[in-house]
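*Asks:* Next comes the structure file model36.csv, holding CSV, C-alpha atoms.
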chain,number,residue,atom,x,y,z
A,1,MET,CA,50.3,-14.4,-42.8
A,2,VAL,CA,48.5,-15.0,-46.1
A,3,LYS,CA,45.9,-12.3,-45.3
A,4,ARG,CA,48.6,-9.9,-44.2
A,5,GLY,CA,50.4,-10.5,-47.5
A,6,ILE,CA,47.3,-9.7,-49.4
A,7,TYR,CA,46.8,-6.4,-47.6
A,8,LEU,CA,50.4,-5.4,-48.2
A,9,ALA,CA,50.1,-6.3,-51.9
A,10,LEU,CA,47.0,-4.2,-52.3
A,11,THR,CA,48.5,-1.3,-50.4
A,12,PHE,CA,51.6,-1.4,-52.6
A,13,ALA,CA,49.4,-1.5,-55.7
A,14,LEU,CA,47.3,1.5,-54.6
A,15,LEU,CA,50.4,3.5,-53.8
A,16,HIS,CA,52.4,2.7,-56.9
A,17,PHE,CA,49.6,2.5,-59.5
A,18,PRO,CA,47.2,5.4,-58.7
A,19,GLY,CA,45.6,5.0,-62.1
A,20,CYS,CA,44.4,1.5,-61.3
A,21,ALA,CA,41.0,1.7,-59.6
A,22,VAL,CA,40.3,-1.0,-57.1
A,23,ASN,CA,36.8,-1.1,-55.7
A,24,MET,CA,37.7,-2.6,-52.4
A,25,SER,CA,37.8,-1.3,-48.9
A,26,LEU,CA,40.8,-2.2,-46.7
A,27,VAL,CA,38.8,-1.3,-43.6
A,28,PRO,CA,36.7,-4.2,-42.3
A,29,GLN,CA,33.0,-3.6,-42.7
A,30,PRO,CA,30.4,-4.5,-40.0
A,31,ALA,CA,28.9,-8.0,-40.4
A,32,GLU,CA,25.2,-8.7,-40.5
A,33,LEU,CA,23.3,-9.2,-37.3
A,34,LYS,CA,22.8,-12.8,-36.1
A,35,GLU,CA,20.7,-14.3,-33.3
A,36,LYS,CA,22.2,-16.3,-30.5
A,37,VAL,CA,20.2,-18.2,-27.8
A,38,ILE,CA,21.9,-17.4,-24.5
A,39,GLU,CA,19.8,-19.5,-22.2
A,40,GLY,CA,16.4,-21.1,-21.8
A,41,THR,CA,14.1,-23.3,-23.9
A,42,GLY,CA,10.7,-23.1,-25.4
A,43,ARG,CA,9.3,-21.3,-28.4
A,44,PRO,CA,8.8,-17.7,-27.0
A,45,LYS,CA,11.8,-15.5,-27.1
A,46,ILE,CA,12.9,-12.7,-24.8
A,47,LEU,CA,15.4,-10.3,-26.6
A,48,LEU,CA,18.2,-8.5,-24.7
A,49,VAL,CA,19.1,-5.2,-26.3
A,50,ASN,CA,22.2,-3.3,-25.1
A,51,VAL,CA,22.0,0.4,-24.6
A,52,SER,CA,25.5,1.3,-23.4
A,53,GLY,CA,28.0,4.1,-23.6
A,54,PHE,CA,27.6,7.6,-24.9
A,55,ILE,CA,24.4,8.0,-26.9
A,56,THR,CA,25.2,9.5,-30.3
A,57,GLU,CA,24.4,9.2,-33.9
A,58,ARG,CA,28.1,9.0,-34.9
A,59,ALA,CA,29.6,5.7,-35.9
A,60,ARG,CA,31.8,4.0,-33.3
A,61,THR,CA,35.4,3.3,-34.1
A,62,ASP,CA,38.4,1.6,-32.5
A,63,ARG,CA,41.3,3.7,-31.1
A,64,LEU,CA,43.1,3.7,-34.5
A,65,GLY,CA,40.0,4.5,-36.4
A,66,LEU,CA,40.4,1.4,-38.6
A,67,MET,CA,37.3,-0.5,-37.6
A,68,LYS,CA,33.9,1.0,-37.7
A,69,ARG,CA,30.6,-0.1,-36.1
A,70,PRO,CA,27.2,1.4,-36.5
A,71,SER,CA,26.3,4.1,-34.1
A,72,ILE,CA,24.2,3.1,-31.1
A,73,VAL,CA,21.2,4.7,-32.8
A,74,GLU,CA,21.8,2.7,-36.0
A,75,GLN,CA,22.5,-0.5,-34.0
A,76,ILE,CA,19.3,-0.4,-31.9
A,77,ARG,CA,17.1,0.6,-34.9
A,78,GLU,CA,18.5,-2.4,-36.8
A,79,GLU,CA,17.9,-4.7,-33.9
A,80,LEU,CA,14.3,-3.5,-33.4
A,81,ARG,CA,13.5,-4.0,-37.0
A,82,MET,CA,14.9,-7.5,-36.9
A,83,ALA,CA,12.9,-8.2,-33.7
A,84,GLU,CA,9.7,-6.9,-35.2
A,85,ALA,CA,9.9,-9.4,-38.0
A,86,ASP,CA,10.2,-12.4,-35.5
A,87,SER,CA,6.8,-13.9,-34.8
A,88,ASP,CA,8.3,-15.9,-31.8
A,89,LEU,CA,9.5,-12.8,-30.1
A,90,ALA,CA,7.4,-12.2,-26.9
A,91,GLY,CA,9.3,-9.5,-25.1
A,92,VAL,CA,12.3,-7.2,-25.0
A,93,ILE,CA,14.6,-6.2,-22.1
A,94,LEU,CA,16.8,-3.1,-22.6
A,95,LYS,CA,20.1,-3.5,-20.8
A,96,ILE,CA,20.9,0.1,-20.0
A,97,ASN,CA,24.4,1.2,-18.9
A,98,SER,CA,24.7,4.8,-20.1
A,99,PRO,CA,25.3,8.3,-18.7
A,100,GLY,CA,23.3,9.7,-21.6
A,101,GLY,CA,24.5,11.6,-24.6
A,102,LEU,CA,23.4,14.0,-27.3
A,103,VAL,CA,19.8,15.3,-27.1
A,104,THR,CA,18.7,14.3,-30.6
A,105,ALA,CA,20.3,10.9,-30.6
A,106,THR,CA,18.7,10.2,-27.2
A,107,ASP,CA,15.3,11.4,-28.4
A,108,ILE,CA,15.6,9.2,-31.5
A,109,LEU,CA,16.2,6.1,-29.4
A,110,TYR,CA,13.3,6.9,-27.2
A,111,HIS,CA,11.1,7.3,-30.3
A,112,GLU,CA,12.3,4.1,-31.9
A,113,ILE,CA,11.6,2.1,-28.7
A,114,ALA,CA,8.2,3.7,-28.1
A,115,SER,CA,7.2,3.1,-31.8
A,116,PHE,CA,8.4,-0.5,-31.6
A,117,ARG,CA,6.2,-1.1,-28.6
A,118,GLU,CA,3.2,0.3,-30.3
A,119,ARG,CA,3.7,-1.7,-33.5
A,120,LYS,CA,4.8,-5.0,-32.0
A,121,LYS,CA,2.4,-5.0,-29.1
A,122,ILE,CA,4.8,-6.8,-26.7
A,123,PRO,CA,6.1,-5.8,-23.3
A,124,VAL,CA,9.4,-3.8,-23.2
A,125,PHE,CA,11.3,-3.7,-19.9
A,126,ALA,CA,14.4,-1.6,-19.0
A,127,CYS,CA,17.0,-3.0,-16.7
A,128,ILE,CA,19.5,-0.4,-15.5
A,129,MET,CA,22.7,-2.2,-14.9
A,130,SER,CA,25.3,0.3,-13.5
A,131,VAL,CA,24.2,3.7,-14.7
A,132,GLY,CA,20.9,4.9,-16.3
A,133,ALA,CA,21.5,8.6,-16.0
A,134,SER,CA,20.1,11.6,-18.0
A,135,GLY,CA,19.8,10.3,-21.6
A,136,GLY,CA,20.2,6.7,-20.3
A,137,TYR,CA,17.1,7.3,-18.0
A,138,TYR,CA,15.3,9.1,-20.8
A,139,VAL,CA,15.6,6.0,-23.0
A,140,ALA,CA,14.6,3.7,-20.0
A,141,SER,CA,11.4,5.7,-19.6
A,142,ALA,CA,10.2,4.5,-23.0
A,143,ALA,CA,9.8,1.0,-21.4
A,144,ASP,CA,6.7,-0.5,-19.7
A,145,GLU,CA,8.7,-1.1,-16.6
A,146,ILE,CA,12.0,0.0,-15.2
A,147,ILE,CA,14.1,-2.3,-13.0
A,148,ALA,CA,17.4,-1.2,-11.5
A,149,HIS,CA,20.2,-3.3,-10.1
A,150,PRO,CA,20.7,-2.8,-6.3
A,151,THR,CA,23.9,-0.8,-6.9
A,152,ALA,CA,22.7,1.1,-10.0
A,153,LEU,CA,22.6,4.9,-10.3
A,154,ALA,CA,19.6,6.6,-12.1
A,155,GLY,CA,18.1,10.0,-12.7
A,156,SER,CA,20.2,13.1,-13.5
A,157,ILE,CA,17.2,14.5,-15.4
A,158,GLY,CA,18.3,17.6,-17.2
A,159,VAL,CA,20.1,19.3,-20.0
A,160,ILE,CA,23.7,20.5,-20.2
A,161,VAL,CA,25.8,22.4,-22.8
A,162,LEU,CA,29.5,23.2,-22.6
A,163,LYS,CA,31.2,26.3,-23.7
A,164,PHE,CA,34.9,27.3,-23.5
A,165,ASN,CA,35.9,30.9,-23.2
A,166,ILE,CA,39.5,31.4,-24.4
A,167,GLU,CA,39.4,35.1,-24.9
A,168,GLY,CA,41.6,35.7,-21.9
A,169,LEU,CA,44.1,33.1,-23.0
A,170,LEU,CA,44.4,34.6,-26.5
A,171,GLY,CA,45.0,38.0,-25.0
A,172,LYS,CA,47.9,36.7,-22.8
A,173,ILE,CA,49.7,35.2,-25.8
A,174,GLY,CA,49.1,38.2,-28.0
A,175,VAL,CA,46.6,36.6,-30.4
A,176,GLU,CA,43.6,38.7,-31.6
A,177,GLU,CA,40.5,37.2,-33.1
A,178,GLU,CA,38.4,38.9,-35.9
A,179,THR,CA,34.9,37.8,-36.8
A,180,TYR,CA,32.8,39.2,-39.6
A,181,LYS,CA,29.1,38.4,-39.3
A,182,SER,CA,25.7,39.2,-40.8
A,183,GLY,CA,24.1,39.7,-37.5
A,184,ASP,CA,25.2,40.2,-33.9
A,185,LYS,CA,23.9,36.8,-32.8
A,186,LYS,CA,25.6,34.8,-35.6
A,187,ASP,CA,28.6,33.8,-33.2
A,188,ILE,CA,26.4,33.5,-30.2
A,189,PHE,CA,28.4,30.6,-28.8
A,190,SER,CA,31.9,31.6,-29.9
A,191,PRO,CA,34.7,30.6,-27.6
A,192,PHE,CA,36.5,33.9,-28.4
A,193,ARG,CA,34.3,36.2,-26.3
A,194,ALA,CA,32.0,36.2,-23.3
A,195,ARG,CA,28.2,36.0,-23.7
A,196,THR,CA,26.0,39.0,-23.4
A,197,PRO,CA,23.0,38.8,-21.0
A,198,GLU,CA,20.6,38.6,-23.9
A,199,GLU,CA,22.6,35.7,-25.4
A,200,LYS,CA,22.5,33.9,-22.1
A,201,GLU,CA,18.7,34.2,-22.1
A,202,ILE,CA,18.5,32.8,-25.7
A,203,ILE,CA,20.6,29.7,-24.8
A,204,GLN,CA,18.7,29.2,-21.5
A,205,ALA,CA,15.4,29.3,-23.5
A,206,ILE,CA,16.7,26.4,-25.7
A,207,ILE,CA,17.8,24.5,-22.6
A,208,ASP,CA,14.4,25.1,-20.9
A,209,SER,CA,12.6,23.8,-24.0
A,210,LEU,CA,14.7,20.6,-24.2
A,211,PHE,CA,14.3,20.1,-20.5
A,212,LYS,CA,10.5,20.3,-20.8
A,213,ARG,CA,10.7,17.6,-23.5
A,214,PHE,CA,12.6,15.4,-21.1
A,215,LEU,CA,10.0,15.9,-18.4
A,216,ASP,CA,7.2,15.3,-20.8
A,217,ALA,CA,8.8,12.1,-22.1
A,218,VAL,CA,9.3,10.7,-18.6
A,219,HIS,CA,5.9,11.8,-17.3
A,220,SER,CA,4.0,10.3,-20.3
A,221,ARG,CA,5.2,6.9,-19.2
A,222,ARG,CA,5.0,7.4,-15.4
A,223,LYS,CA,2.0,9.7,-14.9
A,224,GLY,CA,0.1,6.9,-13.3
A,225,VAL,CA,2.6,6.8,-10.3
A,226,LEU,CA,4.4,10.2,-10.5
A,227,ALA,CA,2.8,13.6,-10.8
A,228,MET,CA,4.4,16.3,-12.9
A,229,GLU,CA,5.0,18.5,-9.8
A,230,GLU,CA,6.7,15.6,-8.1
A,231,LEU,CA,8.9,15.0,-11.1
A,232,LYS,CA,9.9,18.6,-11.4
A,233,VAL,CA,11.2,18.5,-7.8
A,234,LEU,CA,13.2,15.4,-8.6
A,235,ALA,CA,14.6,16.8,-11.9
A,236,ASP,CA,17.3,19.1,-10.6
A,237,GLY,CA,20.0,17.1,-12.3
A,238,ARG,CA,21.0,15.0,-9.3
A,239,ILE,CA,21.7,11.2,-9.4
A,240,TYR,CA,19.8,8.7,-7.3
A,241,THR,CA,20.8,5.3,-5.9
A,242,ALA,CA,18.4,2.4,-6.7
A,243,ASP,CA,16.8,2.7,-3.3
A,244,GLN,CA,16.3,6.4,-3.7
A,245,ALA,CA,15.0,6.1,-7.2
A,246,LEU,CA,12.4,3.5,-6.1
A,247,LYS,CA,11.3,5.7,-3.2
A,248,ALA,CA,11.0,8.6,-5.6
A,249,LYS,CA,9.0,6.4,-8.1
A,250,LEU,CA,11.5,6.9,-10.9
A,251,ILE,CA,11.8,3.1,-11.2
A,252,ASP,CA,9.4,0.3,-10.6
A,253,ARG,CA,11.5,-2.2,-8.7
A,254,ILE,CA,15.0,-3.2,-7.7
A,255,GLY,CA,16.5,-6.5,-9.0
A,256,TYR,CA,19.1,-8.2,-11.1
A,257,LEU,CA,18.8,-9.0,-14.8
A,258,ASP,CA,17.7,-12.5,-13.8
A,259,ASP,CA,14.8,-10.9,-11.9
A,260,ALA,CA,13.9,-8.8,-14.9
A,261,ILE,CA,13.8,-12.0,-17.1
A,262,ARG,CA,11.7,-13.8,-14.5
A,263,THR,CA,9.3,-10.9,-14.2
A,264,MET,CA,9.0,-10.8,-18.0
A,265,LYS,CA,8.1,-14.5,-18.1
A,266,GLU,CA,5.5,-13.9,-15.5
A,267,SER,CA,4.0,-11.0,-17.4
A,268,LEU,CA,3.9,-13.2,-20.5
A,269,ARG,CA,2.5,-16.1,-18.5
A,270,VAL,CA,5.0,-18.6,-19.8
A,271,GLU,CA,7.2,-20.9,-17.8
A,272,GLU,CA,9.9,-21.4,-20.4
A,273,ALA,CA,11.4,-18.9,-22.9
A,274,ARG,CA,14.6,-18.6,-24.8
A,275,VAL,CA,16.6,-15.5,-23.9
A,276,VAL,CA,18.3,-14.3,-27.1
A,277,THR,CA,20.5,-11.5,-28.3
A,278,TYR,CA,21.7,-10.2,-31.6
A,279,TYR,CA,25.4,-10.0,-32.4
A,280,ARG,CA,28.0,-9.5,-35.1
A,281,THR,CA,30.9,-11.8,-36.0
A,282,GLY,CA,33.6,-11.4,-33.4
A,283,GLU,CA,31.4,-10.3,-30.5
A,284,TYR,CA,31.3,-12.4,-27.4
A,285,LYS,CA,27.7,-13.3,-26.3
A,286,GLY,CA,28.2,-16.2,-23.8
A,287,SER,CA,25.8,-15.0,-21.1
A,288,ILE,CA,23.1,-12.5,-20.3
A,289,TYR,CA,25.8,-10.2,-18.8
A,290,ALA,CA,28.0,-10.2,-22.0
A,291,ALA,CA,29.1,-6.8,-23.0
A,292,SER,CA,27.4,-4.9,-25.8
A,293,GLY,CA,30.4,-5.2,-28.1
A,294,ASP,CA,31.2,-1.4,-28.1
A,295,ILE,CA,34.8,-0.8,-29.1
A,296,THR,CA,35.3,2.2,-26.9
A,297,SER,CA,34.3,2.7,-23.3
A,298,PRO,CA,31.7,5.4,-22.3
A,299,VAL,CA,34.5,7.6,-21.0
A,300,GLU,CA,36.5,7.3,-24.2
A,301,ASP,CA,33.3,8.0,-26.2
A,302,ILE,CA,32.9,11.3,-24.4
A,303,ILE,CA,36.5,12.6,-24.2
A,304,THR,CA,37.9,11.1,-27.5
A,305,GLY,CA,36.6,9.5,-30.6
A,306,GLY,CA,35.6,12.7,-32.3
A,307,LYS,CA,33.0,13.8,-29.8
A,308,ASP,CA,33.6,17.5,-30.6
A,309,ALA,CA,31.1,18.6,-28.1
A,310,PHE,CA,34.1,18.9,-25.9
A,311,ALA,CA,36.4,20.7,-28.3
A,312,PRO,CA,36.8,24.5,-27.7
A,313,LEU,CA,36.5,25.4,-31.4
A,314,ALA,CA,33.7,23.0,-32.3
A,315,GLY,CA,30.0,23.5,-32.6
A,316,VAL,CA,27.6,23.5,-29.7
A,317,GLU,CA,26.1,20.2,-28.5
A,318,PHE,CA,23.1,20.1,-26.2
A,319,MET,CA,23.2,17.0,-24.1
A,320,TYR,CA,21.1,14.8,-21.9
A,321,LEU,CA,24.3,13.8,-20.1
A,322,TRP,CA,25.4,13.1,-16.5
A,323,MET,CA,28.9,14.6,-16.1
A,324,PRO,CA,30.4,13.6,-12.7
Mind turning this structure into structure tokens?
*Replies:*
Amino acid sequence: MVKRGIYLALTFALLHFPGCAVNMSLVPQPAELKEKVIEGTGRPKILLVNVSGFITERARTDRLGLMKRPSIVEQIREELRMAEADSDLAGVILKINSPGGLVTATDILYHEIASFRERKKIPVFACIMSVGASGGYYVASAADEIIAHPTALAGSIGVIVLKFNIEGLLGKIGVEEETYKSGDKKDIFSPFRARTPEEKEIIQAIIDSLFKRFLDAVHSRRKGVLAMEELKVLADGRIYTADQALKAKLIDRIGYLDDAIRTMKESLRVEEARVVTYYRTGEYKGSIYAASGDITSPVEDIITGGKDAFAPLAGVEFMYLWMP
């Protein structure tokens, strides 16, 4: 009640005394990261890092837009920087549960994880929980080893971009659109008209380039077990079960998160290790299966929350995304 009274008093003051500057935000700000030991003993640490939901550089908010959290890109970079400074940290396991997301955000995460591996010189495993598709799999391929839960889905290697054409709808309701442009390709992805064959070729060339980058990223980590020609056959956008992914050599083994932790200990040649995670005040971290603390679900991230890749009048977003 006291805290609520303070907020009401501040709101009243700001509304009624606009000339009075108050350098204070009424929106709660993200707290600093803290470490929590989830299980285990010993000096070595194994860090669990959550990669969940729609991969984007945009900040995450609650449904009312009142509470902000760092974007998944910001969050993981911050965690990796904190991990790099810990001399007791012996290994990292990425808990992946993501259908993918924006191309650039996904590529940044891949780069951050790969760079961390090179600097820290410790093993990084990826454990696909439920879904590690498209951008989720792209990020997983930055790890030394990929483990997938028996019921996980993986793959969906490819690029997608959405475009709405509302020209016919506008014609039916008697609305005409006028665009003035410096060149005939300036509105190449406008929702108000159909594409020309040449414009389709331009867009497809971009998709092909981004697709090649995806293939190269995966192959650079798995070229010892998977030839590029084999990978191209697998990369038609389809999703794979854990069994199918193992047979296709897209993952290294099937197991639970416990198995990933045990395998990590074996690779480190240690019998005991503390399994840790990073959290912010208010996030529950009671077990290795604790949620990542994302405010919105992956579906909400894609459809709502300002993800204007899906808005008819918004800019184009190229995505490494599985869209069932």
*Asks:* Mind giving me the straight-line distance from CA of Glu32 in chain A to CA of Ile122 in chain A in Å, one decimal?
*Replies:*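 For CA of Glu32 in chain A relative to CA of Ile122 in chain A, the distance reads 24.7 Å.
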*Asks:* Counting all atoms listed in the file, which of A:Val225, A:Ile108, A:Ile93, A:Val276 gets nearest to Tyr138 in chain A?
*Replies:* A:Ile108
*Asks:* Between A:Pro70, A:Gly224, A:Gly136, A:Gly183, which has the minimum distance to Ser52 in chain A (counting only C-alpha atoms)?
*Replies:* A:Gly136
*Asks:* Work out how far CA of Ala90 in chain A is from CA of Tyr289 in chain A, in Å to one decimal.
*Replies:*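 Spanning CA of Tyr289 in chain A to CA of Ala90 in chain A is a straight-line distance of 20.2 Å.
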*Asks:* Could you name the residues that touch range 55-57 of chain A at 10 Å or less, counting all atoms listed in the file, but leaving out those on the same chain fewer than 4 positions away, as a list in words?
*Replies:*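 Answer for this query is Val51, Pro70, Ser71, Ile72, Val73, Glu74, Gln75, Ser98, Pro99, Gly100, Gly101, Leu102, Val103, Thr104, Ala105, Thr106, Asp107, Ile108, Leu109, Gly135, Gly136, Val139, Pro298, Asp301, Ile302, Lys307, Met319, Tyr320 and Leu321 of chain A.
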*Asks:* Of the candidates A:Gly155, A:Pro44, A:Gly53, A:Pro150, which one gets nearest to Arg238 in chain A if we count only C-alpha atoms?
*Replies:* A:Gly155
*Asks:* Nearest to Asn97 in chain A: which of A:Val175, A:Ala148, A:Val49, A:Ile128 is it, counting all atoms listed in the file?
*Replies:* A:Ile128
*Asks:* Excluding same-chain residues fewer than 4 positions from Arg280 in chain A, what lies within 7 Å of it counting all atoms listed in the file, as a ChimeraX atom specification?
*Replies:* /A:31-34
*Asks:* Could you tell me which of A:Phe164, A:Tyr279, A:Tyr110, A:Phe192 comes closest to Tyr137 in chain A if we count only C-alpha atoms?
*Replies:*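 Looking only at the distances to Tyr137 in chain A, the closest residue turns out to be A:Tyr110.
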*Asks:* When you count all atoms listed in the file, which of these residues is closest to Glu78 in chain A: A:Ala154, A:Leu210, A:Ala194, A:Ile113?
*Replies:*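 Closest residue, counting all atoms listed in the file: A:Ile113.
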*Asks:* Could you pull out every residue with an atom within 6 Å of (25.7, 3.1, -13.0), file coordinates, counting only C-alpha atoms, and send them as a ChimeraX atom specification?
*Replies:* /A:130-131,152-153
*Asks:* Counting only C-alpha atoms, find the residues whose atoms lie at most 12 Å from (9.5, -1.3, -7.7) (file coordinates) and write them out as a PyMOL selection string.
*Replies:* chain A and resi 127+145-150+225+242-255+259-260+263
*Asks:* Please identify all polymer residues within 12 Å of Gln204 in chain A, counting all atoms listed in the file, omitting same-chain residues fewer than 6 positions from it, and present them as a PyMOL selection string.
*Replies:* chain A and resi 159-161+195+197-198+210-211+318
*Asks:* Just how far from CA of Ile202 in chain A is CA of Glu177 in chain A, in Å to one decimal?
*Replies:* 23.6 Å
